[in-house]
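Containing compact mmCIF, C-alpha atoms and all ligand atoms: data-v5.txt.
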```txt
# COMPACT_ATOMS: atom_id res chain seq x y z
CA MET A 1022 -0.45 -5.26 -23.78
CA ILE A 1023 -1.08 -7.99 -21.27
CA ASN A 1024 -4.65 -9.17 -21.15
CA TYR A 1025 -5.26 -8.77 -17.44
CA LEU A 1026 -8.63 -7.94 -15.94
CA TYR A 1027 -7.30 -5.81 -13.13
CA GLN A 1028 -10.10 -3.32 -13.42
CA GLU A 1029 -12.56 -5.47 -11.55
CA GLN A 1030 -10.20 -6.46 -8.78
CA ASN A 1031 -10.50 -4.88 -5.38
CA TRP A 1032 -7.69 -2.37 -4.72
CA LYS A 1033 -6.65 -4.07 -1.49
CA THR A 1034 -6.20 -7.38 -3.30
CA GLN A 1035 -4.09 -5.61 -5.88
CA LEU A 1036 -2.00 -3.91 -3.24
CA SER A 1037 -1.28 -7.23 -1.58
CA ASP A 1038 -0.30 -8.86 -4.88
CA LEU A 1039 2.41 -6.54 -6.21
CA ILE A 1040 5.22 -7.76 -8.41
CA THR A 1041 8.45 -7.52 -6.39
CA ASP A 1042 10.65 -9.97 -8.29
CA PRO A 1043 12.45 -8.52 -11.35
CA LYS A 1044 12.43 -11.97 -12.97
CA GLU A 1045 8.65 -12.21 -12.74
CA LEU A 1046 8.24 -8.72 -14.17
CA LEU A 1047 10.46 -9.52 -17.14
CA GLN A 1048 8.68 -12.84 -17.69
CA GLN A 1049 5.28 -11.11 -17.70
CA LEU A 1050 6.57 -8.83 -20.44
CA GLN A 1051 8.23 -11.71 -22.29
CA LEU A 1052 11.64 -10.11 -21.79
CA SER A 1053 14.43 -12.46 -20.86
CA THR A 1054 17.52 -10.35 -21.43
CA ASP A 1055 20.13 -11.68 -18.98
CA GLN A 1056 21.82 -8.31 -18.78
CA LEU A 1057 18.55 -6.61 -17.77
CA LEU A 1058 17.95 -9.21 -15.11
CA SER A 1059 21.36 -9.15 -13.42
CA GLY A 1060 21.34 -5.31 -13.25
CA ALA A 1061 17.77 -5.34 -11.93
CA ILE A 1062 18.52 -7.88 -9.20
CA LEU A 1063 21.56 -5.97 -7.96
CA ALA A 1064 19.84 -2.56 -7.88
CA SER A 1065 16.69 -4.05 -6.38
CA GLU A 1066 18.66 -5.04 -3.31
CA GLN A 1067 19.03 -1.33 -2.50
CA PHE A 1068 15.54 -0.11 -3.44
CA LYS A 1069 13.15 -2.97 -3.91
CA LEU A 1070 11.15 -3.45 -7.07
CA ARG A 1071 7.46 -2.85 -6.36
CA VAL A 1072 4.86 -2.54 -9.07
CA PRO A 1073 1.12 -3.29 -9.26
CA ARG A 1074 -0.05 -5.70 -11.94
CA ALA A 1075 -2.54 -3.08 -13.15
CA PHE A 1076 0.38 -0.83 -14.06
CA VAL A 1077 2.31 -3.66 -15.72
CA ALA A 1078 -0.79 -4.32 -17.82
CA LYS A 1079 -0.32 -0.90 -19.44
CA MET A 1080 3.21 -1.78 -20.62
CA ASN A 1081 4.05 -3.10 -24.07
CA VAL A 1082 4.98 -6.77 -24.15
CA GLY A 1083 8.43 -7.42 -25.61
CA ASP A 1084 9.56 -3.79 -25.34
CA ALA A 1085 12.61 -3.45 -23.09
CA LEU A 1086 12.46 0.34 -23.52
CA ASP A 1087 8.80 0.70 -22.62
CA PRO A 1088 8.53 4.11 -20.86
CA LEU A 1089 6.44 2.70 -18.01
CA LEU A 1090 8.81 -0.21 -17.49
CA LEU A 1091 11.84 2.12 -17.37
CA GLN A 1092 10.27 3.98 -14.45
CA VAL A 1093 10.04 0.88 -12.27
CA LEU A 1094 12.68 -1.64 -13.40
CA PRO A 1095 15.83 -1.45 -11.25
CA HIS A 1096 18.91 -0.69 -13.37
CA HIS A 1097 22.60 -1.41 -12.76
CA LEU A 1098 23.41 2.30 -13.39
CA GLU A 1099 21.66 3.07 -10.08
CA LEU A 1100 24.70 1.60 -8.32
CA GLU A 1101 27.14 4.14 -9.78
CA ASP A 1102 28.30 7.01 -7.61
CA HIS A 1103 28.01 10.60 -8.87
CA PRO A 1104 29.08 13.37 -6.48
CA GLU A 1105 26.12 15.60 -7.39
CA PHE A 1106 23.57 12.86 -6.66
CA VAL A 1107 22.99 12.46 -2.94
CA THR A 1108 20.67 10.64 -0.55
CA ASP A 1109 18.78 13.77 0.64
CA PRO A 1110 18.77 16.16 -2.35
CA LEU A 1111 16.04 18.40 -0.94
CA GLY A 1112 17.42 18.76 2.57
CA GLU A 1113 14.35 17.12 4.05
CA LYS A 1114 16.14 16.15 7.27
CA GLU A 1115 16.26 19.87 8.07
CA ALA A 1116 12.54 20.25 7.40
CA ASN A 1117 11.56 17.26 9.55
CA GLN A 1118 10.08 19.11 12.54
CA LEU A 1119 8.25 16.22 14.22
CA PRO A 1120 7.64 12.56 13.34
CA GLY A 1121 5.73 12.68 10.04
CA VAL A 1122 5.97 16.48 9.63
CA LEU A 1123 8.08 18.05 6.86
CA HIS A 1124 7.60 21.79 6.99
CA LYS A 1125 9.18 23.56 4.02
CA TYR A 1126 6.75 26.30 2.98
CA GLN A 1127 4.86 28.96 4.90
CA SER A 1128 1.20 28.05 4.65
CA ARG A 1129 1.42 24.28 4.39
CA PHE A 1130 3.38 21.22 5.41
CA LEU A 1131 3.72 17.60 4.42
CA LEU A 1132 2.35 14.93 6.69
CA THR A 1133 3.68 11.46 5.92
CA LEU A 1134 1.42 8.88 7.53
CA THR A 1135 2.97 5.87 5.84
CA GLY A 1136 6.28 4.92 4.28
CA ALA A 1137 4.58 2.51 1.88
CA CYS A 1138 3.99 3.17 -1.82
CA ALA A 1139 2.12 0.97 -4.27
CA VAL A 1140 4.92 1.44 -6.76
CA HIS A 1141 8.61 2.18 -6.35
CA CYS A 1142 9.59 4.82 -8.89
CA ARG A 1143 13.32 4.50 -9.52
CA TYR A 1144 13.78 8.30 -9.70
CA CYS A 1145 12.00 8.99 -6.39
CA PHE A 1146 13.76 11.71 -4.38
CA ARG A 1147 12.61 10.01 -1.18
CA ARG A 1148 14.07 6.62 -2.09
CA HIS A 1149 16.53 6.92 0.83
CA PHE A 1150 14.14 8.64 3.25
CA PRO A 1151 14.15 6.97 6.69
CA TYR A 1152 10.37 6.57 6.87
CA GLN A 1153 10.37 4.03 9.65
CA GLU A 1154 12.01 6.48 12.09
CA ASN A 1155 9.59 9.19 11.07
CA LEU A 1156 6.07 7.87 11.07
CA PRO A 1157 3.75 9.54 13.56
CA LYS A 1158 2.28 7.22 16.16
CA ASN A 1159 -1.22 7.68 17.51
CA ASN A 1160 -0.05 9.72 20.48
CA ASP A 1161 1.96 12.05 18.20
CA TRP A 1162 -1.27 13.76 17.12
CA ASP A 1163 -1.22 15.98 20.22
CA ASN A 1164 2.20 17.31 19.19
CA ILE A 1165 1.15 17.77 15.55
CA ARG A 1166 -1.99 19.63 16.63
CA SER A 1167 0.04 21.93 18.88
CA TYR A 1168 2.53 22.52 16.06
CA ILE A 1169 -0.29 23.59 13.72
CA GLN A 1170 -1.81 25.85 16.38
CA GLN A 1171 1.54 27.47 17.06
CA ASN A 1172 1.85 28.28 13.35
CA PRO A 1173 -1.36 30.18 12.53
CA GLN A 1174 -0.20 30.79 8.94
CA ILE A 1175 -0.74 27.08 8.19
CA ASN A 1176 -4.02 26.59 6.34
CA GLU A 1177 -3.24 23.50 4.26
CA ILE A 1178 -1.94 20.02 5.08
CA ILE A 1179 -0.47 17.80 2.40
CA LEU A 1180 -0.64 14.04 2.86
CA SER A 1181 2.33 12.84 0.90
CA GLY A 1182 4.67 9.97 0.08
CA GLY A 1183 4.83 7.23 1.13
CA ASP A 1184 1.52 7.18 -0.64
CA PRO A 1185 -1.47 8.13 1.56
CA LEU A 1186 -3.87 6.15 -0.64
CA THR A 1187 -2.19 2.91 0.42
CA LEU A 1188 -3.80 3.54 3.82
CA THR A 1189 -7.18 2.07 4.66
CA ASN A 1190 -10.15 4.41 4.44
CA ALA A 1191 -10.63 4.06 8.20
CA LYS A 1192 -7.14 5.41 8.87
CA LEU A 1193 -7.56 8.18 6.29
CA GLU A 1194 -10.85 9.18 7.85
CA LEU A 1195 -9.30 9.32 11.31
CA TRP A 1196 -6.71 11.85 10.08
CA VAL A 1197 -9.23 13.84 8.02
CA LYS A 1198 -11.36 14.23 11.16
CA ARG A 1199 -8.35 15.25 13.24
CA LEU A 1200 -7.45 17.95 10.73
CA GLU A 1201 -11.07 19.10 10.41
CA SER A 1202 -11.09 19.77 14.14
CA LEU A 1203 -8.68 22.69 13.60
CA PRO A 1204 -10.54 25.71 12.18
CA GLN A 1205 -7.35 27.21 10.68
CA VAL A 1206 -6.94 24.18 8.35
CA LYS A 1207 -9.02 24.81 5.24
CA ILE A 1208 -7.45 22.63 2.56
CA LEU A 1209 -6.36 18.99 2.51
CA ARG A 1210 -4.09 18.04 -0.34
CA ILE A 1211 -3.43 14.38 -1.17
CA HIS A 1212 -0.32 13.60 -3.19
CA THR A 1213 -0.68 10.15 -4.69
CA ARG A 1214 0.38 7.88 -7.54
CA VAL A 1215 -2.10 5.15 -6.57
CA PRO A 1216 -4.94 6.30 -8.91
CA ILE A 1217 -2.50 5.87 -11.82
CA VAL A 1218 -1.08 2.49 -10.82
CA ILE A 1219 -4.21 1.00 -9.17
CA PRO A 1220 -7.09 3.07 -10.57
CA SER A 1221 -9.76 1.01 -8.79
CA ARG A 1222 -8.59 2.68 -5.54
CA ILE A 1223 -10.93 5.51 -6.61
CA ASP A 1224 -14.10 3.80 -5.48
CA ASP A 1225 -17.41 4.92 -3.99
CA GLU A 1226 -16.20 4.52 -0.43
CA LEU A 1227 -13.16 6.76 -0.93
CA VAL A 1228 -15.15 9.38 -2.83
CA ALA A 1229 -17.85 9.43 -0.13
CA LEU A 1230 -15.20 9.89 2.55
CA LEU A 1231 -13.61 12.83 0.73
CA LYS A 1232 -16.92 14.39 -0.27
CA LYS A 1233 -18.28 14.59 3.22
CA SER A 1234 -15.19 16.35 4.56
CA THR A 1235 -15.55 19.98 5.55
CA LEU A 1236 -12.06 20.57 4.14
CA ARG A 1237 -11.53 21.56 0.53
CA ILE A 1238 -9.91 18.48 -1.03
CA VAL A 1239 -7.25 18.72 -3.72
CA MET A 1240 -5.83 15.50 -5.11
CA VAL A 1241 -2.48 15.76 -6.89
CA VAL A 1242 -1.82 12.63 -8.92
CA HIS A 1243 1.49 11.73 -10.52
CA SER A 1244 1.54 10.60 -14.12
CA ASN A 1245 4.55 10.94 -16.40
CA HIS A 1246 3.44 9.41 -19.68
CA PRO A 1247 0.18 9.29 -21.68
CA ALA A 1248 0.31 5.46 -21.78
CA GLU A 1249 -0.36 5.51 -18.03
CA LEU A 1250 -3.79 6.97 -18.73
CA ASP A 1251 -5.84 4.21 -20.33
CA ALA A 1252 -9.62 4.41 -20.66
CA TYR A 1253 -10.30 2.91 -17.23
CA THR A 1254 -7.84 5.21 -15.45
CA ILE A 1255 -9.36 8.22 -17.22
CA GLU A 1256 -12.83 7.12 -16.19
CA ARG A 1257 -11.80 6.78 -12.51
CA LEU A 1258 -10.15 10.22 -12.54
CA GLN A 1259 -13.24 11.75 -14.14
CA TYR A 1260 -15.25 10.22 -11.29
CA LEU A 1261 -13.34 12.39 -8.80
CA ALA A 1262 -14.06 15.53 -10.80
CA MET A 1263 -17.75 14.56 -11.05
CA HIS A 1264 -17.80 14.79 -7.27
CA GLN A 1265 -16.20 18.25 -7.18
CA ILE A 1266 -12.78 17.03 -6.12
CA THR A 1267 -10.06 19.17 -7.70
CA VAL A 1268 -7.46 16.96 -9.38
CA LEU A 1269 -4.06 18.17 -10.57
CA ASN A 1270 -1.10 16.29 -12.01
CA GLN A 1271 2.58 16.54 -11.36
CA ALA A 1272 5.10 14.86 -13.64
CA VAL A 1273 8.86 14.44 -13.60
CA LEU A 1274 10.90 15.02 -16.73
CA LEU A 1275 12.81 11.77 -17.25
CA LYS A 1276 15.38 10.80 -19.85
CA GLY A 1277 14.14 7.91 -21.96
CA VAL A 1278 10.60 8.15 -20.56
CA ASN A 1279 9.02 11.49 -21.51
CA ASP A 1280 11.89 13.68 -22.77
CA CYS A 1281 9.96 14.86 -25.80
CA ALA A 1282 7.44 17.68 -26.30
CA GLU A 1283 5.11 15.45 -28.32
CA ILE A 1284 4.78 12.92 -25.46
CA LEU A 1285 4.29 15.66 -22.87
CA SER A 1286 1.70 17.30 -25.07
CA GLN A 1287 -0.22 14.02 -25.38
CA LEU A 1288 0.02 13.64 -21.60
CA SER A 1289 -1.55 17.08 -21.06
CA TYR A 1290 -4.42 16.38 -23.48
CA ARG A 1291 -5.10 13.00 -21.92
CA LEU A 1292 -5.08 14.51 -18.44
CA PHE A 1293 -7.53 17.14 -19.62
CA GLU A 1294 -9.80 14.40 -20.95
CA ALA A 1295 -9.65 12.91 -17.44
CA LYS A 1296 -10.57 16.36 -16.04
CA VAL A 1297 -7.14 16.67 -14.44
CA MET A 1298 -5.18 19.89 -14.87
CA PRO A 1299 -1.41 19.71 -15.52
CA TYR A 1300 0.27 21.41 -12.54
CA TYR A 1301 4.03 20.84 -12.29
CA LEU A 1302 6.68 19.41 -14.58
CA HIS A 1303 9.58 18.76 -12.22
CA VAL A 1304 13.17 18.66 -13.29
CA LEU A 1305 14.75 15.55 -11.77
CA ASP A 1306 15.87 15.91 -8.16
CA LYS A 1307 19.47 14.81 -7.90
CA VAL A 1308 18.94 11.75 -5.78
CA LYS A 1309 21.56 9.00 -5.55
CA GLY A 1310 20.63 6.17 -7.90
CA ALA A 1311 18.61 8.25 -10.39
CA GLN A 1312 21.41 9.86 -12.41
CA HIS A 1313 20.57 7.89 -15.57
CA PHE A 1314 17.25 9.81 -15.80
CA ASP A 1315 18.95 13.21 -15.79
CA LEU A 1316 18.81 15.59 -18.76
CA GLU A 1317 21.09 18.44 -19.84
CA SER A 1318 19.65 21.89 -19.14
CA GLN A 1319 19.84 22.78 -22.84
CA LYS A 1320 17.71 19.76 -23.71
CA ILE A 1321 15.20 20.65 -20.98
CA ASN A 1322 14.89 24.18 -22.35
CA GLN A 1323 14.44 22.84 -25.88
CA ILE A 1324 11.65 20.44 -24.81
CA TYR A 1325 9.83 23.09 -22.80
CA THR A 1326 10.07 25.69 -25.55
CA ALA A 1327 8.51 23.19 -27.96
CA LEU A 1328 5.83 22.32 -25.43
CA LEU A 1329 4.89 25.99 -25.01
CA ALA A 1330 4.56 26.30 -28.76
CA THR A 1331 2.36 23.18 -28.97
CA LEU A 1332 -0.15 23.52 -26.15
CA PRO A 1333 -2.68 26.16 -25.13
CA GLY A 1334 -1.36 27.93 -22.03
CA TYR A 1335 -3.85 26.30 -19.67
CA LEU A 1336 -2.45 22.85 -20.48
CA VAL A 1337 1.23 23.71 -19.97
CA PRO A 1338 2.54 22.47 -16.60
CA LYS A 1339 4.90 24.82 -14.74
CA LEU A 1340 8.51 23.73 -15.20
CA VAL A 1341 10.10 23.81 -11.74
CA ARG A 1342 13.00 22.65 -9.66
CA GLU A 1343 12.86 22.22 -5.92
CA ILE A 1344 15.89 23.76 -4.23
CA ALA A 1345 16.57 22.87 -0.60
CA GLY A 1346 15.85 25.77 1.73
CA GLU A 1347 14.01 27.94 -0.84
CA ASN A 1348 10.60 29.43 0.07
CA ASN A 1349 8.90 28.00 -2.98
CA LYS A 1350 9.56 25.77 -5.97
CA THR A 1351 11.83 27.59 -8.43
CA PRO A 1352 10.26 28.22 -11.86
CA LEU A 1353 12.67 27.39 -14.68
CA TYR A 1354 12.40 29.00 -18.04
CA GLY A 1355 13.77 31.91 -19.98
CA GLU A 1356 15.96 33.97 -17.65
CA GLN A 1357 16.04 31.35 -14.94
CA THR A 1358 19.11 29.18 -14.61
CA PHE A 1359 19.01 25.43 -14.48
S1 LIG A 1401 4.84 6.90 -5.58
FE1 LIG A 1401 5.79 8.90 -5.15
S2 LIG A 1401 6.75 8.66 -3.11
FE2 LIG A 1401 6.30 6.59 -3.89
S3 LIG A 1401 8.16 5.92 -4.93
FE3 LIG A 1401 6.86 6.88 -6.51
S4 LIG A 1401 7.52 9.02 -6.56
FE4 LIG A 1401 8.29 8.15 -4.64
```
Let me see whether you can do it: turn the structure in this file into C-alpha cells.
Amino acid sequence: MINYLYQEQNWKTQLSDLITDPKELLQQLQLSTDQLLSGAILASEQFKLRVPRAFVAKMNVGDALDPLLLQVLPHHLELEDHPEFVTDPLGEKEANQLPGVLHKYQSRFLLTLTGACAVHCRYCFRRHFPYQENLPKNNDWDNIRSYIQQNPQINEIILSGGDPLTLTNAKLELWVKRLESLPQVKILRIHTRVPIVIPSRIDDELVALLKKSTLRIVMVVHSNHPAELDAYTIERLQYLAMHQITVLNQAVLLKGVNDCAEILSQLSYRLFEAKVMPYYLHVLDKVKGAQHFDLESQKINQIYTALLATLPGYLVPKLVREIAGENNKTPLYGEQTF
C-alpha cells in the first residue's frame, strides 16, 4: 500500500488533484510494464483515466492485477469491437424525457445534475453517455417540476451518475430544496461512488445537509471489492448510518476483479461492518469497451450459488440484469435466463 495521508485532506482538494495520466498511475504503483502503458494510453484517449489518490492508496504496490487497479486502468482490449457491446446498452436515449431526466420505472426517475465522476470505472454503462447535451440548466427546473406534477405516481427522485457527490453542497442543497417543495416526492436517493473513492466527502456539512431534509434519504454507494473498504472508509460510512441515513451498496460482477464467491462474501461482511446493506449485484451491462470484464452465464450461476451457500440471506445482494425497456431490473437465478 502507498503511504498517503489522504484521510485528512479536504474532499475538494482531492477532487481537484485526480490522477489522469496512466504513466503517473503506474509509477505510483511501481509498475512500469511498457505493454500496460501503451494499451492504457490508447484506451484513455476514448474514455479518460480519472482516479482519486485516496483510491490509489488502497491498491497494492507492484501488483499489475490488483482488483482496484483493473477497474480504473484503461486497457487496449477496450478498443476491440464486439457486436453485442454497444454505446447505449440500456436504451437510455429512449428514457431521456427532458435534459437531466431519465425516466425508466414507474415511481421514480434519475436526475443527472452533473456529467462528472470522481473516478472513471472502465466498465461504466454510461461511458458513452452524452452528458454535456443533457445537463439541466437552472431554468429547466420549471419543466422538471411540471413533469413530476404530471406524473403523480412519482414519489422518489434518484440523483445519479455523473456522480452527484462531486457537486458542491450549495448546489446539492438547492436541488434538495426544489424537490422538497413537491409534496408527492417523499424519497431522495443518491447514487454515488464518491464515499468509496474519496471517503472524506462524508463530512459534517454533508451529513447536516442531508439530515435536515424533509425527504427520506437513501444513499446507494458502489463498491465492488472488500479492499475498497479500509478502516477509514468504513468509519465514514458508519457515520452516515449514525445519522439515520439508509445506506445500500450496489456492485457489478467483473471478471478478474470480484468473480469469486469468497471475495463477494468478504465484501458483504465488510459492508455490514460499515452498516451498509448489500442491495444489487449487477451482471455487466454490455457497453462498448467493457467486454473484457464479461463472464459466462454458467460461471455467474456458479459464483452466485456458492455465495448463497456462504452468506446469511440478509447479506446476499440480489443478482440482476437491467434490460432496456423492462419495468424493473430482471432478477437472475434459478429459472431465470441470463
Ligand atoms: S462512478 Fe458510476 S457513473 Fe461514474 S464512471 Fe463509475 S460507474 Fe460510471
Quick one: which range 1260-1353 of chain A residues come within 12 Å of range 1092-1103 of chain A, and what is the nearest atom pair for each with the distance in Å to one decimal, counting only C-alpha atoms, rows ordered by chain and ascending number, as a tab-separated table?
```
residue	atom	partner	partner_atom	distance
A:Val1273	CA	A:Gln1092	CA	10.6
A:Leu1274	CA	A:Gln1092	CA	11.3
A:Leu1275	CA	A:Gln1092	CA	8.7
A:Lys1276	CA	A:Gln1092	CA	10.1
A:Gly1277	CA	A:Gln1092	CA	9.3
A:Val1278	CA	A:Gln1092	CA	7.4
A:Asn1279	CA	A:Gln1092	CA	10.4
A:Lys1307	CA	A:His1103	CA	9.6
A:Val1308	CA	A:His1103	CA	9.7
A:Lys1309	CA	A:Asp1102	CA	7.3
A:Gly1310	CA	A:Glu1099	CA	3.9
A:Ala1311	CA	A:Glu1099	CA	6.0
A:Gln1312	CA	A:Glu1099	CA	7.2
A:His1313	CA	A:Leu1098	CA	6.6
A:Phe1314	CA	A:Gln1092	CA	9.2
A:Asp1315	CA	A:His1103	CA	11.7
```
Can you spit out the residues from that selection as a short mmCIF file (atom, residue, chain, number, x, y, z; two decimals), keeping the file's coordinate frame, using C-alpha atoms?
```cif
data_model
loop_
_atom_site.label_atom_id
_atom_site.label_comp_id
_atom_site.auth_asym_id
_atom_site.auth_seq_id
_atom_site.Cartn_x
_atom_site.Cartn_y
_atom_site.Cartn_z
CA VAL A 1273 8.86 14.44 -13.60
CA LEU A 1274 10.90 15.02 -16.73
CA LEU A 1275 12.81 11.77 -17.25
CA LYS A 1276 15.38 10.80 -19.85
CA GLY A 1277 14.14 7.91 -21.96
CA VAL A 1278 10.60 8.15 -20.56
CA ASN A 1279 9.02 11.49 -21.51
CA LYS A 1307 19.47 14.81 -7.90
CA VAL A 1308 18.94 11.75 -5.78
CA LYS A 1309 21.56 9.00 -5.55
CA GLY A 1310 20.63 6.17 -7.90
CA ALA A 1311 18.61 8.25 -10.39
CA GLN A 1312 21.41 9.86 -12.41
CA HIS A 1313 20.57 7.89 -15.57
CA PHE A 1314 17.25 9.81 -15.80
CA ASP A 1315 18.95 13.21 -15.79
#
```
| Which residues, written as a ChimeraX atom specification, have at least one atom at most 8 Å from Thr1133 in chain A, with all atoms listed in the file counted and residues fewer than 3 positions away on the same chain left out? | /A:1121-1123,1136,1156-1157,1180-1183,1185
Selected residues written out with C-alpha atoms, as a compact mmCIF listing (two decimals), keeping the file's coordinate frame:
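out_21.txt written:
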```txt
# COMPACT_ATOMS: atom_id res chain seq x y z
CA GLY A 1121 5.73 12.68 10.04
CA VAL A 1122 5.97 16.48 9.63
CA LEU A 1123 8.08 18.05 6.86
CA GLY A 1136 6.28 4.92 4.28
CA LEU A 1156 6.07 7.87 11.07
CA PRO A 1157 3.75 9.54 13.56
CA LEU A 1180 -0.64 14.04 2.86
CA SER A 1181 2.33 12.84 0.90
CA GLY A 1182 4.67 9.97 0.08
CA GLY A 1183 4.83 7.23 1.13
CA PRO A 1185 -1.47 8.13 1.56
```
| query | What gap, in Å, lies between CA of Pro1338 in chain A and CA of Ala1252 in chain A? | reply |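 CA of Pro1338 in chain A sits 22.1 Å away from CA of Ala1252 in chain A.
In this comparison, which uses only C-alpha atoms, the residue of A:Leu1036, A:Leu1089, A:Leu1305, A:Leu1230 approaching Leu1250 in chain A most closely is A:Leu1089.
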Hey, which residues sit close to ligand LIG 1401 (chain A)? Say within 6 Å, counting all atoms listed in the file, and write them as a short mmCIF file (atom, residue, chain, number, x, y, z; two decimals) with C-alpha atoms, keeping the file's coordinate frame.
```
data_model
loop_
_atom_site.label_atom_id
_atom_site.label_comp_id
_atom_site.auth_asym_id
_atom_site.auth_seq_id
_atom_site.Cartn_x
_atom_site.Cartn_y
_atom_site.Cartn_z
CA CYS A 1138 3.99 3.17 -1.82
CA VAL A 1140 4.92 1.44 -6.76
CA HIS A 1141 8.61 2.18 -6.35
CA CYS A 1142 9.59 4.82 -8.89
CA CYS A 1145 12.00 8.99 -6.39
CA ARG A 1147 12.61 10.01 -1.18
CA GLY A 1182 4.67 9.97 0.08
CA GLY A 1183 4.83 7.23 1.13
CA ASP A 1184 1.52 7.18 -0.64
CA ARG A 1214 0.38 7.88 -7.54
#
```
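Among A:Ser1065, A:Thr1213, A:Gln1056, A:Gln1118, the residue with the shortest atom-to-atom distance to Pro1043 in chain A, counting all atoms listed in the file, is A:Ser1065.
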| message | Counting all atoms listed in the file, find residues at most 7 Å from (-2.3, 13.7, -12.4) (file frame) and give them as a count of residues only. | response | 11
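Nearest to Gly1083 in chain A of all the residues A:Ile1321, A:Leu1063, A:Leu1316, A:Leu1050 is A:Leu1050, based on only C-alpha atoms.
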